[in-house]
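Working notes, structure below.
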Amino acid sequence: MAKELDFLTKRSEDYSRWYNELVVKADLAEQSDVRGCMIIKPYGYAIWEKMQRILDDMFKETGVQNAYFPLLIPKSFLSKEAEHVEGFAKECAVVTHYRLKTNDTHDGVVVDPAARLEEELIIRPTSETIIWNTFRNWIHSYRDLPVLCNQWCNVMRWEMRTRLFLRTSEFLWQEGHTAHATREEAEARARQMLGVYADFAENYMAVPVIRGVKSETERFAGALDTYTIEAMMQDGKALQSGTSHFLGQNFGKAFDVTFMDEQNERQYAWATSWGVSTRLMGALIMTHSDDNGLVLPPALAPIQVVIVPIYKNQEQLARVDAAVAPIVEELKRKGISVKYDNADNKRPGFKFADYELKGVPVRLVLGARDLDNGTVEVMRRDTLEKETRQLEGIAAEVETLLADIQRNIFEKARAYRDSRIYECDNYEEFKQRVKNGGFFLCPWDGTAETEARIKEETQATIRCVPFGMKQTPGTDMVSGRPSVARVIIARSY
RNA sequence: CGGGGUGUAGCGCAGUUGGUAGCGCACCUGGUUUGGGACCAGGUGGUCGCCCGUUCGAGUCGGGUCACCCCGACCA
């Protein structure tokens, strides 16, 4: 029987530590020896691949096509859009040489000083510059517009502090870049893509999000408007889970991307960019998981159903194998990914704990007792409830159950989040309560001074001016001036 | 870059007043087990982060250095 077991740290004890241990123990990822970088393990990558596939289809539905641009960006490109440079300059990795040579003692290599690049190359922190430099050649007429392209790639930002999935020096993402003939069309596209992200977060990840627009200080470097989806983690902190930017004509002007319009007049192209990254994995983990490990939404789980046999000898195992085979077949026919784990080197108890840790939504257990009775034990990961069901028609029941789990974890996450959104008009009260997490819906006078003071005094930031939330009037709780809007204020990752 | 902490087996750790390194997990072999993380027996595995010094002798003492972790500033 169980002795001292190596369980996860409890969420309530140390949320950060729980998260870190979970990522490692559930086999999602681990820290690389390379500073701030992450190794995504096969199980974690399988989830990311599923996300990619679904998002990619959603993009294509809106007319977007995939392309690929270089990893290395000439330094001069980065200096063309003033605000953009300022935003990214301090976190860029720079390539200065193109050759190594063996050292004097012939036991290692050194950078060959003779191989210095005339112009340094930047490892992309984002690709607006190199893409808009290319768009100049692609766009000449209003008939060339819009250009709707996306790339799946890696980017590098030399962050000071990193956390698995949430903030790593190198991360995987998609970045969409579009060029348009009119302001209206570009703005509509930026909002449309935000909608795609919100749809994906809620309907596939089962992560409820608040859509909104960022304040000027929180805006993307070079954008006129930054739209965001904000999710609440189980410790009440906010996680920006996706962004979409309306870039105006800033990049059109910086890279001289012009076209002739229908009136035969030269115009600068209008731009948007939008992205989601492997940070979504962090959102997924921190929204649903519990003290037993990961809880995955069926829509993204690499394994949706695991079947564990119980047996005392090879003859019994053979009987279970025979009973399981048609169930596996039927589940597969329904498009459900199923794993029958009859490996003999792990005992059932270990398998139970392990698949719970990995967040497999449904577990079926079948032993000699069940074979005699024509039953099967069904366990759902979200509630950990076990039930004995008839073997007959189990595949159809599992299919219904998966849909129910998908719905249930979303509702649970939404109820939790909604219970921690507070309307607050009093700064003293706010300062006290914001420490414990939650989203605070507060009146704001629209000034950067107020925003800065809140951040300085509470470490909380304005997450967004939310769309579609009630905007009761009020006065700014810090300055006492009339408010321009109620904004979401929270501590964040 | 500031403040704190840690470096000893793949992982988690212990190591007394300096005397030549140990425990748990994992791994390998054999057997018994299998309805909630199995047990017994045997076995493999270490330049104690690195450098210099003190000493007959350093994981242990002194100086330096590097790396990593946590808390801030920066951020998808």
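Identifiers in the structure tokens: chain A, B, ... in order shown; residue index from 1 per chain; ligand index from 1 in order shown.
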
Spatial neighbours of segment 27-30 of chain B, max dist 10 Å, only C-alpha atoms (C1' of nucleotides), sep filter under 5 positions, as a list in words =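 That gives G10, A41, G42, G43, U44 and G45 of chain B.
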
Those residues with N, CA and C atoms (P, O5', C5', C4', C3', O3' and C1' of nucleotides), as a short mmCIF file (atom, residue, chain, number, x, y, z; two decimals), in the first residue's frame please?
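See selection_5.cif below for the written result:
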data_model
loop_
_atom_site.label_atom_id
_atom_site.label_comp_id
_atom_site.auth_asym_id
_atom_site.auth_seq_id
_atom_site.Cartn_x
_atom_site.Cartn_y
_atom_site.Cartn_z
P G B 10 24.20 11.55 -12.32
"O5'" G B 10 22.82 11.44 -13.11
"C5'" G B 10 22.48 12.33 -14.14
"C4'" G B 10 20.98 12.31 -14.32
"C3'" G B 10 20.21 12.93 -13.16
"O3'" G B 10 19.98 14.30 -13.38
"C1'" G B 10 19.40 10.75 -13.57
P A B 41 14.86 -7.37 1.73
"O5'" A B 41 15.77 -8.21 0.72
"C5'" A B 41 16.11 -9.56 1.01
"C4'" A B 41 16.78 -10.20 -0.18
"C3'" A B 41 17.96 -9.42 -0.77
"O3'" A B 41 19.15 -9.57 -0.03
"C1'" A B 41 16.56 -10.19 -2.51
P G B 42 20.17 -8.33 0.07
"O5'" G B 42 20.82 -8.33 -1.39
"C5'" G B 42 21.73 -9.36 -1.76
"C4'" G B 42 21.94 -9.38 -3.25
"C3'" G B 42 22.62 -8.16 -3.85
"O3'" G B 42 24.02 -8.13 -3.65
"C1'" G B 42 20.77 -8.75 -5.19
P G B 43 24.75 -6.71 -3.52
"O5'" G B 43 24.64 -6.13 -5.00
"C5'" G B 43 25.39 -6.74 -6.05
"C4'" G B 43 25.01 -6.16 -7.39
"C3'" G B 43 25.41 -4.71 -7.64
"O3'" G B 43 26.78 -4.58 -7.96
"C1'" G B 43 23.21 -5.06 -8.39
P U B 44 27.53 -3.22 -7.67
"O5'" U B 44 27.13 -2.34 -8.94
"C5'" U B 44 27.44 -2.79 -10.26
"C4'" U B 44 26.84 -1.86 -11.29
"C3'" U B 44 27.24 -0.39 -11.14
"O3'" U B 44 28.53 -0.14 -11.69
"C1'" U B 44 24.91 -0.55 -11.54
P G B 45 29.51 0.83 -10.92
"O5'" G B 45 28.81 2.25 -11.03
"C5'" G B 45 28.73 2.94 -12.28
"C4'" G B 45 27.70 4.02 -12.21
"C3'" G B 45 28.05 5.20 -11.31
"O3'" G B 45 28.80 6.17 -12.03
"C1'" G B 45 25.84 4.46 -10.85
#

key: Distance-based interface of chain A with chain B, 9 Å, counting only C-alpha atoms (C1' of nucleotides), as a PyMOL selection string   = chain A and resi 1-2+5-6+90-91+157+159-161+166-167+173+240-243+275-279+310-313+344+346-354+365-367+369+493

If you keep N, CA and C atoms, can you produce a file of those selected residues as a CSV table (one decimal), in the first residue's frame?
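Writing done, so here's out_32.csv:
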chain,number,residue,atom,x,y,z
A,1,MET,N,0.8,-1.2,0.0
A,1,MET,CA,0.0,0.0,0.0
A,1,MET,C,0.9,1.3,0.0
A,2,ALA,N,0.2,2.3,-0.2
A,2,ALA,CA,0.9,3.6,-0.4
A,2,ALA,C,1.7,4.0,0.8
A,5,LEU,N,4.2,9.2,-0.8
A,5,LEU,CA,4.2,9.3,-2.3
A,5,LEU,C,4.6,10.7,-2.7
A,6,ASP,N,5.1,10.7,-3.9
A,6,ASP,CA,5.7,11.9,-4.5
A,6,ASP,C,4.6,12.7,-5.2
A,90,LYS,N,15.4,46.4,-26.3
A,90,LYS,CA,16.1,46.0,-25.1
A,90,LYS,C,16.0,44.5,-24.9
A,91,GLU,N,15.3,43.8,-25.8
A,91,GLU,CA,15.3,42.3,-25.5
A,91,GLU,C,15.6,41.5,-26.8
A,157,ARG,N,12.7,36.6,-27.5
A,157,ARG,CA,12.8,37.9,-26.7
A,157,ARG,C,13.6,37.6,-25.4
A,159,GLU,N,14.0,37.8,-22.3
A,159,GLU,CA,13.3,38.2,-21.1
A,159,GLU,C,14.2,38.0,-19.9
A,160,MET,N,14.0,38.9,-18.9
A,160,MET,CA,14.8,38.8,-17.7
A,160,MET,C,14.4,37.6,-16.9
A,161,ARG,N,13.2,37.4,-16.7
A,161,ARG,CA,12.7,36.2,-15.9
A,161,ARG,C,11.8,35.4,-16.7
A,166,LEU,N,4.7,30.3,-19.9
A,166,LEU,CA,4.2,31.6,-19.7
A,166,LEU,C,5.1,32.7,-20.3
A,167,ARG,N,6.4,32.5,-20.1
A,167,ARG,CA,7.3,33.5,-20.6
A,167,ARG,C,8.7,32.8,-20.8
A,173,TRP,N,4.8,30.4,-31.9
A,173,TRP,CA,3.6,31.1,-32.0
A,173,TRP,C,3.1,31.2,-33.4
A,240,GLN,N,-2.9,37.4,-20.3
A,240,GLN,CA,-3.2,37.9,-21.6
A,240,GLN,C,-3.0,36.7,-22.5
A,241,SER,N,-4.0,36.2,-23.2
A,241,SER,CA,-3.9,35.0,-23.9
A,241,SER,C,-3.9,35.1,-25.4
A,242,GLY,N,-4.1,36.3,-25.9
A,242,GLY,CA,-4.0,36.5,-27.3
A,242,GLY,C,-4.2,38.0,-27.6
A,243,THR,N,-3.5,38.5,-28.6
A,243,THR,CA,-3.7,39.9,-29.0
A,243,THR,C,-3.8,40.1,-30.4
A,275,GLY,N,-1.5,37.6,-32.8
A,275,GLY,CA,-0.8,36.4,-32.5
A,275,GLY,C,-1.3,35.7,-31.2
A,276,VAL,N,-1.1,34.4,-31.2
A,276,VAL,CA,-1.2,33.6,-30.0
A,276,VAL,C,0.0,32.7,-29.9
A,277,SER,N,0.5,32.3,-28.7
A,277,SER,CA,1.7,31.6,-28.6
A,277,SER,C,1.5,30.4,-27.7
A,278,THR,N,2.6,29.7,-27.4
A,278,THR,CA,2.6,28.5,-26.5
A,278,THR,C,2.2,29.0,-25.1
A,279,ARG,N,2.1,30.3,-24.9
A,279,ARG,CA,1.5,30.7,-23.6
A,279,ARG,C,0.1,30.2,-23.4
A,310,ILE,N,-7.7,-5.0,-15.7
A,310,ILE,CA,-7.3,-5.6,-14.4
A,310,ILE,C,-7.2,-7.1,-14.6
A,311,TYR,N,-6.2,-7.7,-14.2
A,311,TYR,CA,-6.1,-9.2,-14.4
A,311,TYR,C,-5.1,-9.8,-13.5
A,312,LYS,N,-5.3,-11.1,-13.2
A,312,LYS,CA,-4.4,-11.8,-12.3
A,312,LYS,C,-3.4,-12.7,-13.0
A,313,ASN,N,-3.7,-13.0,-14.3
A,313,ASN,CA,-2.8,-13.9,-15.0
A,313,ASN,C,-3.0,-13.6,-16.5
A,344,ASP,N,2.5,-4.5,-19.0
A,344,ASP,CA,2.5,-5.3,-17.9
A,344,ASP,C,3.5,-4.8,-16.8
A,346,LYS,N,3.5,-1.9,-15.3
A,346,LYS,CA,2.9,-0.9,-14.4
A,346,LYS,C,1.7,-1.5,-13.8
A,347,ARG,N,1.5,-1.3,-12.5
A,347,ARG,CA,0.3,-1.8,-11.9
A,347,ARG,C,-0.9,-0.8,-12.1
A,348,PRO,N,-2.1,-1.3,-12.0
A,348,PRO,CA,-3.3,-0.5,-12.3
A,348,PRO,C,-3.3,0.8,-11.5
A,349,GLY,N,-3.0,0.7,-10.2
A,349,GLY,CA,-3.0,2.0,-9.4
A,349,GLY,C,-2.0,3.0,-9.9
A,350,PHE,N,-0.9,2.6,-10.4
A,350,PHE,CA,0.0,3.5,-11.0
A,350,PHE,C,-0.5,4.2,-12.2
A,351,LYS,N,-1.2,3.3,-13.1
A,351,LYS,CA,-1.7,3.9,-14.3
A,351,LYS,C,-2.9,4.9,-14.0
A,352,PHE,N,-3.7,4.6,-13.0
A,352,PHE,CA,-4.8,5.5,-12.7
A,352,PHE,C,-4.2,6.9,-12.4
A,353,ALA,N,-3.2,6.9,-11.4
A,353,ALA,CA,-2.6,8.1,-11.0
A,353,ALA,C,-1.9,8.8,-12.1
A,354,ASP,N,-1.3,8.1,-13.0
A,354,ASP,CA,-0.5,8.7,-14.1
A,354,ASP,C,-1.4,9.3,-15.1
A,365,VAL,N,-12.2,1.1,-16.9
A,365,VAL,CA,-11.5,0.0,-16.3
A,365,VAL,C,-12.3,-1.3,-16.4
A,366,LEU,N,-11.6,-2.3,-16.8
A,366,LEU,CA,-12.2,-3.6,-17.1
A,366,LEU,C,-11.5,-4.7,-16.5
A,367,GLY,N,-12.1,-5.5,-15.7
A,367,GLY,CA,-11.5,-6.7,-15.0
A,367,GLY,C,-12.4,-7.9,-15.1
A,369,ARG,N,-14.2,-9.3,-12.9
A,369,ARG,CA,-15.5,-9.0,-12.3
A,369,ARG,C,-16.4,-8.4,-13.3
A,493,TYR,N,0.2,37.8,-15.1
A,493,TYR,CA,1.4,37.0,-15.4
A,493,TYR,C,2.1,37.8,-16.5

inquiry  = According to DSSP computed on the backbone, where in segment 134-355 of chain A is there helix (DSSP H, G or I)? Give the residues as a PyMOL selection string.
reply    = chain A and resi 134-138+142-144+183-203+216-218+250-254+279-288+314-333+348-355

Take the residues just selected and output them with C-alpha atoms as a short mmCIF file (atom, residue, chain, number, x, y, z; two decimals), in the first residue's frame.
data_model
loop_
_atom_site.label_atom_id
_atom_site.label_comp_id
_atom_site.auth_asym_id
_atom_site.auth_seq_id
_atom_site.Cartn_x
_atom_site.Cartn_y
_atom_site.Cartn_z
CA THR A 134 8.42 42.39 -48.22
CA PHE A 135 4.91 43.79 -48.60
CA ARG A 136 6.45 46.80 -50.35
CA ASN A 137 7.17 44.52 -53.29
CA TRP A 138 3.87 42.67 -53.15
CA TYR A 142 -5.76 48.32 -54.53
CA ARG A 143 -6.33 45.10 -56.50
CA ASP A 144 -3.45 43.50 -54.60
CA ARG A 183 -8.71 52.01 -42.20
CA GLU A 184 -12.16 50.50 -41.69
CA GLU A 185 -11.21 47.22 -43.26
CA ALA A 186 -8.06 46.93 -41.18
CA GLU A 187 -9.85 47.77 -37.96
CA ALA A 188 -12.54 45.22 -38.75
CA ARG A 189 -9.90 42.58 -39.39
CA ALA A 190 -8.14 43.26 -36.10
CA ARG A 191 -11.44 42.80 -34.28
CA GLN A 192 -12.38 39.78 -36.35
CA MET A 193 -9.19 37.95 -35.39
CA LEU A 194 -9.73 38.79 -31.74
CA GLY A 195 -13.09 37.10 -32.16
CA VAL A 196 -11.40 34.03 -33.61
CA TYR A 197 -9.10 33.85 -30.58
CA ALA A 198 -11.97 34.25 -28.13
CA ASP A 199 -13.92 31.56 -29.96
CA PHE A 200 -10.95 29.21 -29.84
CA ALA A 201 -10.22 29.89 -26.16
CA GLU A 202 -13.80 29.32 -25.05
CA ASN A 203 -14.98 26.54 -27.35
CA GLU A 216 -2.26 53.37 -24.35
CA THR A 217 0.54 52.33 -21.99
CA GLU A 218 -0.17 48.63 -22.44
CA ASN A 250 2.69 53.16 -39.22
CA PHE A 251 4.37 50.24 -40.95
CA GLY A 252 3.06 51.27 -44.36
CA LYS A 253 4.82 54.58 -43.93
CA ALA A 254 7.95 53.18 -42.30
CA ARG A 279 1.52 30.72 -23.62
CA LEU A 280 -1.92 29.31 -24.40
CA MET A 281 -0.57 26.06 -22.94
CA GLY A 282 -0.02 27.90 -19.69
CA ALA A 283 -3.58 29.21 -19.77
CA LEU A 284 -4.90 25.73 -20.39
CA ILE A 285 -2.92 24.25 -17.51
CA MET A 286 -3.67 26.98 -14.99
CA THR A 287 -7.38 27.23 -15.74
CA HIS A 288 -8.51 23.65 -15.25
CA GLN A 314 -2.20 -14.01 -18.76
CA GLU A 315 -5.39 -15.95 -19.37
CA GLN A 316 -7.48 -13.24 -17.74
CA LEU A 317 -5.62 -10.55 -19.65
CA ALA A 318 -6.41 -12.34 -22.90
CA ARG A 319 -10.09 -12.29 -21.99
CA VAL A 320 -9.98 -8.57 -21.24
CA ASP A 321 -8.02 -7.92 -24.45
CA ALA A 322 -10.74 -9.66 -26.41
CA ALA A 323 -13.51 -7.68 -24.71
CA VAL A 324 -11.73 -4.36 -25.18
CA ALA A 325 -10.85 -4.72 -28.87
CA PRO A 326 -14.37 -4.01 -30.21
CA ILE A 327 -14.76 -1.02 -27.87
CA VAL A 328 -11.51 0.49 -29.11
CA GLU A 329 -12.68 -0.06 -32.67
CA GLU A 330 -16.00 1.61 -32.06
CA LEU A 331 -14.48 4.60 -30.26
CA LYS A 332 -12.01 5.09 -33.10
CA ARG A 333 -14.84 4.97 -35.61
CA PRO A 348 -3.28 -0.49 -12.28
CA GLY A 349 -2.96 1.96 -9.37
CA PHE A 350 0.05 3.54 -10.99
CA LYS A 351 -1.75 3.86 -14.30
CA PHE A 352 -4.77 5.48 -12.67
CA ALA A 353 -2.63 8.11 -10.99
CA ASP A 354 -0.50 8.66 -14.08
CA TYR A 355 -3.37 9.24 -16.51
#

task = With a distance cut-off of 12 Å and only C-alpha atoms (C1' of nucleotides), select the neighbouring residues of Ser419 of chain A, excluding the residue or stretch itself and same-chain residues fewer than 2 positions from it, and output the selection as a PyMOL selection string.
result = chain A and resi 232+234+236+412-417+421-423+437-440

request  = May I have the residues within 7 Å of Gly222 of chain A as a list in words, using only C-alpha atoms (C1' of nucleotides) and disregarding those fewer than 3 positions away in the same chain?
outcome  = Glu83, His84, Leu247 and Asn250 of chain A

Just to be explicit: take each residue in the selection above, keep C-alpha atoms, and write the result as a short mmCIF file (atom, residue, chain, number, x, y, z; two decimals), in the first residue's frame.
data_model
loop_
_atom_site.label_atom_id
_atom_site.label_comp_id
_atom_site.auth_asym_id
_atom_site.auth_seq_id
_atom_site.Cartn_x
_atom_site.Cartn_y
_atom_site.Cartn_z
CA GLU A 83 7.93 53.18 -31.30
CA HIS A 84 8.34 49.62 -32.44
CA LEU A 247 -1.35 49.19 -36.65
CA ASN A 250 2.69 53.16 -39.22
#

query = Just how far from atom CA of Trp158 of chain A is atom CA of Ser32 of chain A, in Å to one decimal?
reply =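 Atom-to-atom, atom CA of Ser32 of chain A and atom CA of Trp158 of chain A are spaced 14.7 Å apart.
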
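The two atoms in question, atom C1' of U55 of chain B and atom C1' of G15 of chain B, are spaced 20.9 Å apart.
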
Test item, strand (DSSP E or B) assignment across segment 236-299 of chain A, answer as a list in words = Ala238, Leu239, Gln240, Ser241, Gly242, Thr243, Ser244, His245, Phe246, Leu247, Gly248, Thr258, Phe259, Met260, Arg266, Gln267, Tyr268, Trp270, Ala271, Thr272, Ser273, Trp274, Gly275, Val276, Ser277, Asp290 and Gly293 of chain A

Write the selection just made, keeping N, CA and C atoms, as an mmCIF file, in the first residue's frame?
data_model
loop_
_atom_site.group_PDB
_atom_site.id
_atom_site.type_symbol
_atom_site.label_atom_id
_atom_site.label_comp_id
_atom_site.auth_asym_id
_atom_site.auth_seq_id
_atom_site.Cartn_x
_atom_site.Cartn_y
_atom_site.Cartn_z
ATOM 1 N N ALA A 238 -4.440 37.576 -13.890
ATOM 2 C CA ALA A 238 -4.848 37.626 -15.292
ATOM 3 C C ALA A 238 -3.739 37.101 -16.190
ATOM 4 N N LEU A 239 -4.139 36.485 -17.283
ATOM 5 C CA LEU A 239 -3.166 36.063 -18.285
ATOM 6 C C LEU A 239 -3.650 36.536 -19.647
ATOM 7 N N GLN A 240 -2.858 37.425 -20.254
ATOM 8 C CA GLN A 240 -3.174 37.867 -21.612
ATOM 9 C C GLN A 240 -2.951 36.680 -22.527
ATOM 10 N N SER A 241 -3.999 36.218 -23.171
ATOM 11 C CA SER A 241 -3.911 34.953 -23.888
ATOM 12 C C SER A 241 -3.862 35.082 -25.401
ATOM 13 N N GLY A 242 -4.117 36.278 -25.884
ATOM 14 C CA GLY A 242 -4.030 36.501 -27.319
ATOM 15 C C GLY A 242 -4.178 37.980 -27.581
ATOM 16 N N THR A 243 -3.549 38.475 -28.643
ATOM 17 C CA THR A 243 -3.704 39.896 -28.954
ATOM 18 C C THR A 243 -3.849 40.100 -30.446
ATOM 19 N N SER A 244 -4.512 41.183 -30.768
ATOM 20 C CA SER A 244 -4.708 41.566 -32.158
ATOM 21 C C SER A 244 -4.526 43.079 -32.229
ATOM 22 N N HIS A 245 -3.676 43.504 -33.162
ATOM 23 C CA HIS A 245 -3.349 44.930 -33.202
ATOM 24 C C HIS A 245 -3.824 45.602 -34.482
ATOM 25 N N PHE A 246 -4.362 46.787 -34.303
ATOM 26 C CA PHE A 246 -4.607 47.661 -35.448
ATOM 27 C C PHE A 246 -3.408 48.588 -35.511
ATOM 28 N N LEU A 247 -2.633 48.485 -36.588
ATOM 29 C CA LEU A 247 -1.348 49.187 -36.654
ATOM 30 C C LEU A 247 -1.412 50.479 -37.451
ATOM 31 N N GLY A 248 -2.605 50.831 -37.932
ATOM 32 C CA GLY A 248 -2.728 52.067 -38.711
ATOM 33 C C GLY A 248 -1.863 52.019 -39.951
ATOM 34 N N THR A 258 2.998 51.399 -50.501
ATOM 35 C CA THR A 258 1.933 52.239 -51.058
ATOM 36 C C THR A 258 1.245 51.515 -52.201
ATOM 37 N N PHE A 259 0.044 51.988 -52.519
ATOM 38 C CA PHE A 259 -0.698 51.399 -53.632
ATOM 39 C C PHE A 259 -1.528 52.496 -54.304
ATOM 40 N N MET A 260 -1.928 52.255 -55.544
ATOM 41 C CA MET A 260 -2.781 53.196 -56.262
ATOM 42 C C MET A 260 -4.226 52.789 -56.001
ATOM 43 N N ARG A 266 -2.157 57.678 -54.819
ATOM 44 C CA ARG A 266 -1.241 56.870 -54.011
ATOM 45 C C ARG A 266 -1.649 56.896 -52.541
ATOM 46 N N GLN A 267 -1.728 55.700 -51.928
ATOM 47 C CA GLN A 267 -2.115 55.614 -50.513
ATOM 48 C C GLN A 267 -1.147 54.687 -49.779
ATOM 49 N N TYR A 268 -0.993 54.937 -48.498
ATOM 50 C CA TYR A 268 -0.244 54.002 -47.660
ATOM 51 C C TYR A 268 -1.177 52.874 -47.230
ATOM 52 N N TRP A 270 -2.836 49.986 -44.862
ATOM 53 C CA TRP A 270 -3.213 49.886 -43.451
ATOM 54 C C TRP A 270 -2.872 48.479 -42.958
ATOM 55 N N ALA A 271 -2.488 48.383 -41.703
ATOM 56 C CA ALA A 271 -1.958 47.097 -41.226
ATOM 57 C C ALA A 271 -2.645 46.555 -39.975
ATOM 58 N N THR A 272 -2.612 45.220 -39.861
ATOM 59 C CA THR A 272 -2.952 44.583 -38.585
ATOM 60 C C THR A 272 -1.918 43.493 -38.329
ATOM 61 N N SER A 273 -1.771 43.120 -37.080
ATOM 62 C CA SER A 273 -1.032 41.898 -36.764
ATOM 63 C C SER A 273 -1.681 41.293 -35.538
ATOM 64 N N TRP A 274 -1.549 39.972 -35.419
ATOM 65 C CA TRP A 274 -2.244 39.281 -34.332
ATOM 66 C C TRP A 274 -1.523 37.969 -34.053
ATOM 67 N N GLY A 275 -1.537 37.560 -32.798
ATOM 68 C CA GLY A 275 -0.784 36.357 -32.463
ATOM 69 C C GLY A 275 -1.254 35.662 -31.201
ATOM 70 N N VAL A 276 -1.074 34.354 -31.209
ATOM 71 C CA VAL A 276 -1.162 33.584 -29.970
ATOM 72 C C VAL A 276 0.047 32.659 -29.924
ATOM 73 N N SER A 277 0.459 32.322 -28.723
ATOM 74 C CA SER A 277 1.707 31.589 -28.562
ATOM 75 C C SER A 277 1.520 30.361 -27.682
ATOM 76 N N ASP A 290 -6.023 20.483 -11.256
ATOM 77 C CA ASP A 290 -6.263 20.401 -9.815
ATOM 78 C C ASP A 290 -5.075 19.726 -9.124
ATOM 79 N N GLY A 293 -3.444 16.830 -10.797
ATOM 80 C CA GLY A 293 -2.737 17.032 -12.054
ATOM 81 C C GLY A 293 -3.555 17.785 -13.073
#

Atomic distance atom C1' of G62 of chain B - atom C1' of G22 of chain B, expressed in Å with one decimal =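 Atom C1' of G22 of chain B lies at a distance of 26.6 Å from atom C1' of G62 of chain B.
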
task = Give the answer as one residue: which of B:C11, B:C48, B:C70, B:C61 has the shortest atom-to-atom distance to G24 of chain B, using only C-alpha atoms (C1' of nucleotides)?
result =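 Closest candidate: B:C11.
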
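Look at segment 49-53 of chain B: the protein and nucleic acid residues within 10 Å of it, using only C-alpha atoms (C1' of nucleotides) and passing over chain neighbours fewer than 2 places away, are G7, U8, G62, G63, G64, U65, C66 and A67 of chain B.
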
request  = Please provide as a VMD selection string all residues within 12 Å of G19 of chain B, with the sequence filter that same-chain residues fewer than 2 positions apart are discarded (counting only C-alpha atoms (C1' of nucleotides)).
outcome  = chain B and resid 55 to 58 60

File of the preceding selection, C-alpha atoms (C1' of nucleotides), as a PDB file, in the first residue's frame:
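Final file, part34.pdb:
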ATOM      1  C1'   U B  55      46.473  21.394   6.115  1.00  0.00           C
ATOM      2  C1'   C B  56      49.938  15.235   6.655  1.00  0.00           C
ATOM      3  C1'   G B  57      44.766  15.147   4.951  1.00  0.00           C
ATOM      4  C1'   A B  58      39.149  19.422   2.493  1.00  0.00           C
ATOM      5  C1'   U B  60      33.494  20.144   5.368  1.00  0.00           C
TER       6        U B  60
END
